[in-house]
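Student: Please find one structure pasted underneath; my questions will follow.
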Amino acid sequence: MRLGLDVGGTKTDAVAVAPNGTIVARTRLATGWGPDAVVQTILDAVANLQADPALTAADVRSVGIGIPGRIEPGSGRVEHAVNLGVETLDLAAAVAPVLGVPVRVENDVKAAALGAASLRGGTLSMGYLNLGTGIAAAIVTGGVLWRGARGGAGEIGHLSIDPAGPVCRCGQRGCIEALAGGGAVSARWGRPGALPIRDVFDAADGGDAAAVLVRTDLARGVAAAIRVLVLTADVDTVVLGGGITALGTRLQSEVAAQLEASARESAFLRSLQLVDRVEILPAGAPAAALGAALISTEAADEREVLSHG
């Protein structure tokens with residue numbers, strides 16, 4: 001068995017994956033705040049899975065952890081996971097001695113990309129576009145995560161597509177994230193509410209001019225990200241995931257309208273059939289946790305190579 005954990009800002013989703021790729025157990029619990037609490041959350045999630053009748057501690061071969069923030073290449077160290085209260089933490093070193101199995105740590109969006117590709121099946125190329133507080137992407141081809149030369153493949157949120165657009169937190173204007181990131185959209189909307197992105201769409205449906213502008217910019221940013229993924233990597237499919245996709249067809253139709261508008265102006269873009277290449281990850285799909293479990297296999301394989309060295 002391989003265990004995979006998606007450590008999010010509010011909850012941690014964990015799964016146990018059989019050798020054939022089937023998810024045999026799943027647990028979810030609140031994520032603690034700060035380094036010590038994050039470590040304890042991970043240990044509690046693993047304990048919950050091991051208590052499931054479908055597996056025992058002896059069944060566990062490896063553990064993978066998907067977590068927000070920058071992962072130092074080749075290490076289990078996470079940095080700048082601000083939504084978890086973690087500035088720097090050698091996560092693998094903190095949990096592996098307790099768990100007694102190899103542990104692999106990966107950025108949560110990259111893990112989700114691999115999990116989404118596995119859930120879809122097949123070996124074709126796929127771009128995963130995460131629409132959450134920020135915007136990030138990852139690419140999977142032939143079932144393998146493409147990290148790029150320095151691990152930055154798919155980091156498209158800070159591509160500027162409108163020099164006259166809103167100021168981004170990175171200092172540029174008109175970044176994809178400044179237009180479509182949940183944090184930026186909420187700030188531009190500036191009205192109180194538990195679900196500001198949904199509020200923007202509701203108000204836009206009601207004819208609010210400010211909301212229409214914000215919604216249009218959001219869709220414009222997502223459409224631009226889709227074009228970037230297709231034009232740079234020529235992926236077969238772009239899968240949309242992240243919290244904003246809870247809007248479902250309301251989001252998809254706005255993005256499709258933007259893609260169709262650009263296709264009307266360009267025979268080249270029409271030939272790419274972008275609308276047909278976009279999917280939304282099903283609600284509740286454990287993509288990041290599954291991907292983390294798949295990534296954990298790398299750590300287990302490395303240990304086997306060393307033990308037989």
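Scheme for the structure tokens: letters A, B, ... for chains in order shown; per-chain residue numbers from 1; ligand numbers from 1 in order shown.
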Step one, run DSSP on the backbone; step two, keep only residues of segment 4-187 of chain A assigned to helix (DSSP H, G or I); then write them as a PyMOL selection string.

Tutor: chain A and resi 35-50+57-59+82-84+91-99+108-120+176-180+182-187

Student: Each residue of segment 144-258 of chain A with at least one atom at most 12 Å from segment 74-78 of chain A should appear once, together with its nearest atom pair and the corresponding distance in Å (one decimal); atoms considered: only C-alpha atoms; ordering: chain, then increasing residue number; output as CSV.

Tutor:
```
residue,atom,partner,partner_atom,distance
A:Arg147,CA,A:Gly74,CA,11.8
A:Arg150,CA,A:Gly74,CA,10.6
A:Gly151,CA,A:Gly74,CA,10.0
```

Student: Any chance you can output those residues with C-alpha atoms as a PDB file, in the first residue's frame?

Tutor:
```
ATOM      1  CA  ARG A 147       9.029  19.277 -13.552  1.00  0.00           C
ATOM      2  CA  ARG A 150      14.577  23.493 -12.101  1.00  0.00           C
ATOM      3  CA  GLY A 151      11.129  22.360 -11.044  1.00  0.00           C
TER       4      GLY A 151
END
```

Student: Just the residues within 12 Å of Gly85 of chain A, please, counting only C-alpha atoms, with nothing from its chain fewer than 2 positions along; format it as a list in words.

Tutor: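 Near Gly85 of chain A, the qualifying residues are Gly8, Gly9, Thr10, Thr31, Gly32, Trp33, Gly34, Pro35, Asp36, Ala37, Val38, Val39, Pro68, Gly69, Val78, Glu79, His80, Ala81, Val82, Asn83, Glu87, Thr88 and Leu89 of chain A.
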
Student: Nearest residue to Val46 of chain A out of A:Leu231, A:Ala293, A:Thr141, A:Ser118, using only C-alpha atoms?

Tutor: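 The shortest atom-to-atom distance to Val46 of chain A comes from A:Ala293.
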
Student: Any idea what the distance is between atom CA of Val95 of chain A and atom CA of Asp59 of chain A?

Tutor: 17.6 Å

Student: Between A:Ala16, A:Leu145, A:Ile71, A:Ala224, which has the minimum distance to Ala47 of chain A (counting only C-alpha atoms)?

Tutor: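 Smallest separation from Ala47 of chain A among the options: A:Ala16.
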
Student: Let me make sure I understand: among A:His158, A:Arg198, A:Arg104, A:Arg26, which one has the smallest atom-to-atom distance to Gln50 of chain A if we use only C-alpha atoms?

Tutor: A:Arg26

Student: Could you jot down the atom CA of Lys110 of chain A to atom CA of Val239 of chain A separation for me, Å, one decimal place?

Tutor: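 Atom CA of Val239 of chain A lies at a distance of 12.7 Å from atom CA of Lys110 of chain A.
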
Student: What parts of segment 88-249 of chain A does DSSP call strand (DSSP E or B)? I'd like the answer as a ChimeraX atom specification.

Tutor: /A:88-90,103-107,126-131,135-141,144-146,160,167,173,175,237-241

Student: May I have the residues from that selection written out with N, CA and C atoms, as a tab-separated table (two decimals), in the first residue's frame?

Tutor:
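Listing of selection.tsv after writing:
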```tsv
chain	number	residue	atom	x	y	z
A	88	THR	N	9.68	27.45	7.03
A	88	THR	CA	10.56	26.40	6.53
A	88	THR	C	10.44	25.18	7.44
A	89	LEU	N	10.37	24.00	6.83
A	89	LEU	CA	10.18	22.78	7.60
A	89	LEU	C	10.69	21.59	6.78
A	90	ASP	N	11.62	20.82	7.37
A	90	ASP	CA	12.06	19.58	6.74
A	90	ASP	C	11.03	18.52	7.09
A	103	VAL	N	9.45	8.63	2.75
A	103	VAL	CA	8.48	9.73	2.60
A	103	VAL	C	8.96	10.65	1.49
A	104	ARG	N	8.05	11.01	0.61
A	104	ARG	CA	8.34	11.96	-0.46
A	104	ARG	C	7.41	13.16	-0.31
A	105	VAL	N	7.97	14.36	-0.47
A	105	VAL	CA	7.19	15.59	-0.35
A	105	VAL	C	7.19	16.29	-1.70
A	106	GLU	N	6.01	16.78	-2.11
A	106	GLU	CA	5.88	17.45	-3.40
A	106	GLU	C	4.90	18.61	-3.26
A	107	ASN	N	5.08	19.61	-4.10
A	107	ASN	CA	4.12	20.71	-4.17
A	107	ASN	C	2.72	20.16	-4.46
A	126	MET	N	-1.38	16.01	-20.41
A	126	MET	CA	-2.42	16.76	-19.73
A	126	MET	C	-1.81	17.94	-18.99
A	127	GLY	N	-2.44	19.10	-19.10
A	127	GLY	CA	-2.09	20.25	-18.28
A	127	GLY	C	-3.11	20.36	-17.16
A	128	TYR	N	-2.64	20.55	-15.94
A	128	TYR	CA	-3.54	20.74	-14.81
A	128	TYR	C	-3.44	22.19	-14.37
A	129	LEU	N	-4.56	22.88	-14.36
A	129	LEU	CA	-4.60	24.29	-14.00
A	129	LEU	C	-5.37	24.44	-12.69
A	130	ASN	N	-4.65	24.82	-11.64
A	130	ASN	CA	-5.26	24.95	-10.32
A	130	ASN	C	-5.74	26.37	-10.10
A	131	LEU	N	-7.05	26.52	-9.91
A	131	LEU	CA	-7.68	27.82	-9.72
A	131	LEU	C	-8.09	27.94	-8.26
A	135	ILE	N	-2.92	31.08	-8.83
A	135	ILE	CA	-3.03	30.30	-10.06
A	135	ILE	C	-1.70	29.58	-10.29
A	136	ALA	N	-1.77	28.29	-10.49
A	136	ALA	CA	-0.58	27.51	-10.79
A	136	ALA	C	-0.98	26.35	-11.69
A	137	ALA	N	0.00	25.79	-12.38
A	137	ALA	CA	-0.27	24.69	-13.29
A	137	ALA	C	0.84	23.67	-13.22
A	138	ALA	N	0.57	22.51	-13.76
A	138	ALA	CA	1.57	21.45	-13.87
A	138	ALA	C	1.23	20.61	-15.09
A	139	ILE	N	2.22	19.92	-15.60
A	139	ILE	CA	2.06	19.16	-16.84
A	139	ILE	C	2.45	17.71	-16.60
A	140	VAL	N	1.60	16.80	-17.10
A	140	VAL	CA	1.88	15.36	-17.03
A	140	VAL	C	1.85	14.82	-18.45
A	141	THR	N	2.87	14.08	-18.82
A	141	THR	CA	2.91	13.48	-20.14
A	141	THR	C	3.35	12.03	-20.02
A	144	VAL	N	3.85	10.75	-16.52
A	144	VAL	CA	5.00	11.23	-15.74
A	144	VAL	C	4.90	12.74	-15.57
A	145	LEU	N	5.11	13.20	-14.36
A	145	LEU	CA	5.10	14.62	-14.07
A	145	LEU	C	6.33	15.28	-14.68
A	146	TRP	N	6.09	16.35	-15.46
A	146	TRP	CA	7.20	17.09	-16.07
A	146	TRP	C	7.52	18.27	-15.17
A	160	SER	N	2.21	38.12	-17.30
A	160	SER	CA	1.37	39.29	-17.50
A	160	SER	C	0.73	39.23	-18.89
A	167	VAL	N	-2.93	45.60	-10.54
A	167	VAL	CA	-1.61	45.32	-9.98
A	167	VAL	C	-1.63	43.97	-9.28
A	173	ARG	N	1.66	44.24	-13.54
A	173	ARG	CA	0.25	44.50	-13.81
A	173	ARG	C	-0.30	43.43	-14.74
A	175	CYS	N	-1.20	40.26	-14.40
A	175	CYS	CA	-0.82	38.85	-14.37
A	175	CYS	C	-2.08	37.98	-14.43
A	237	THR	N	-5.21	17.73	-23.18
A	237	THR	CA	-6.32	18.18	-22.35
A	237	THR	C	-5.81	19.12	-21.26
A	238	VAL	N	-6.63	20.12	-20.94
A	238	VAL	CA	-6.37	20.97	-19.78
A	238	VAL	C	-7.47	20.70	-18.76
A	239	VAL	N	-7.08	20.21	-17.59
A	239	VAL	CA	-8.04	19.91	-16.52
A	239	VAL	C	-8.01	21.05	-15.52
A	240	LEU	N	-9.17	21.62	-15.23
A	240	LEU	CA	-9.29	22.69	-14.25
A	240	LEU	C	-9.61	22.10	-12.88
A	241	GLY	N	-8.85	22.49	-11.88
A	241	GLY	CA	-9.10	22.05	-10.51
A	241	GLY	C	-8.96	23.23	-9.56
```

Student: Near segment 253-257 of chain A, counting only C-alpha atoms, which residues have an atom at most 8 Å away, once you skip same-chain residues fewer than 2 positions from it, shown as a ChimeraX atom specification?

Tutor: /A:216,219-220,222-223,249-251,259-261,275

Student: Write the selection just made, keeping C-alpha atoms, as a compact mmCIF listing (two decimals), in the first residue's frame?

Tutor:
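Final output, saved to selection-v1.txt:
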```txt
# COMPACT_ATOMS: atom_id res chain seq x y z
CA THR A 216 -15.06 38.76 -17.30
CA ALA A 219 -12.63 34.16 -17.29
CA ARG A 220 -10.14 36.07 -19.43
CA VAL A 222 -8.30 31.39 -17.09
CA ALA A 223 -8.67 31.37 -20.87
CA THR A 249 -20.63 24.94 -15.56
CA ARG A 250 -21.04 28.61 -14.56
CA LEU A 251 -17.27 28.97 -14.72
CA LEU A 259 -11.89 31.02 -25.83
CA GLU A 260 -14.54 31.19 -28.54
CA ALA A 261 -14.14 34.96 -28.85
CA VAL A 275 -12.96 24.59 -25.84
```

Student: Find the residues near Cys170 of chain A: any atom within 12 Å, counting only C-alpha atoms, skip ones fewer than 6 places away on the same chain, and give them as a PDB file with C-alpha atoms, in the first residue's frame.

Tutor:
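Below is the file result.pdb, written as the result:
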```pdb
ATOM      1  CA  GLY A 134      -3.492  31.776  -6.599  1.00  0.00           C
ATOM      2  CA  GLY A 157       0.307  32.576 -12.629  1.00  0.00           C
ATOM      3  CA  HIS A 158       2.667  35.528 -12.957  1.00  0.00           C
ATOM      4  CA  LEU A 159       2.649  35.810 -16.727  1.00  0.00           C
ATOM      5  CA  SER A 160       1.369  39.293 -17.503  1.00  0.00           C
ATOM      6  CA  ILE A 176      -3.051  35.826 -14.897  1.00  0.00           C
ATOM      7  CA  GLU A 177      -3.225  35.494 -11.115  1.00  0.00           C
ATOM      8  CA  ALA A 178      -4.181  39.171 -10.676  1.00  0.00           C
ATOM      9  CA  ALA A 184      -7.113  38.877  -6.173  1.00  0.00           C
TER      10      ALA A 184
END
```

Student: Would you mind telling me which residue in A:Ser262, A:Ser62, A:Thr123, A:Ser271 lies nearest to Leu99 of chain A when using only C-alpha atoms?

Tutor: A:Ser62

Student: Figure out the distance between atom CA of Thr245 of chain A and atom CA of Leu281 of chain A, please, to one decimal in Å.

Tutor: 7.8 Å

Student: Hey, which of A:Ala51, A:Ala204, A:Val63, A:Ala111 ends up closest to Ala92 of chain A? Count only C-alpha atoms.

Tutor: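 Using only C-alpha atoms, the shortest distance to Ala92 of chain A belongs to A:Val63.
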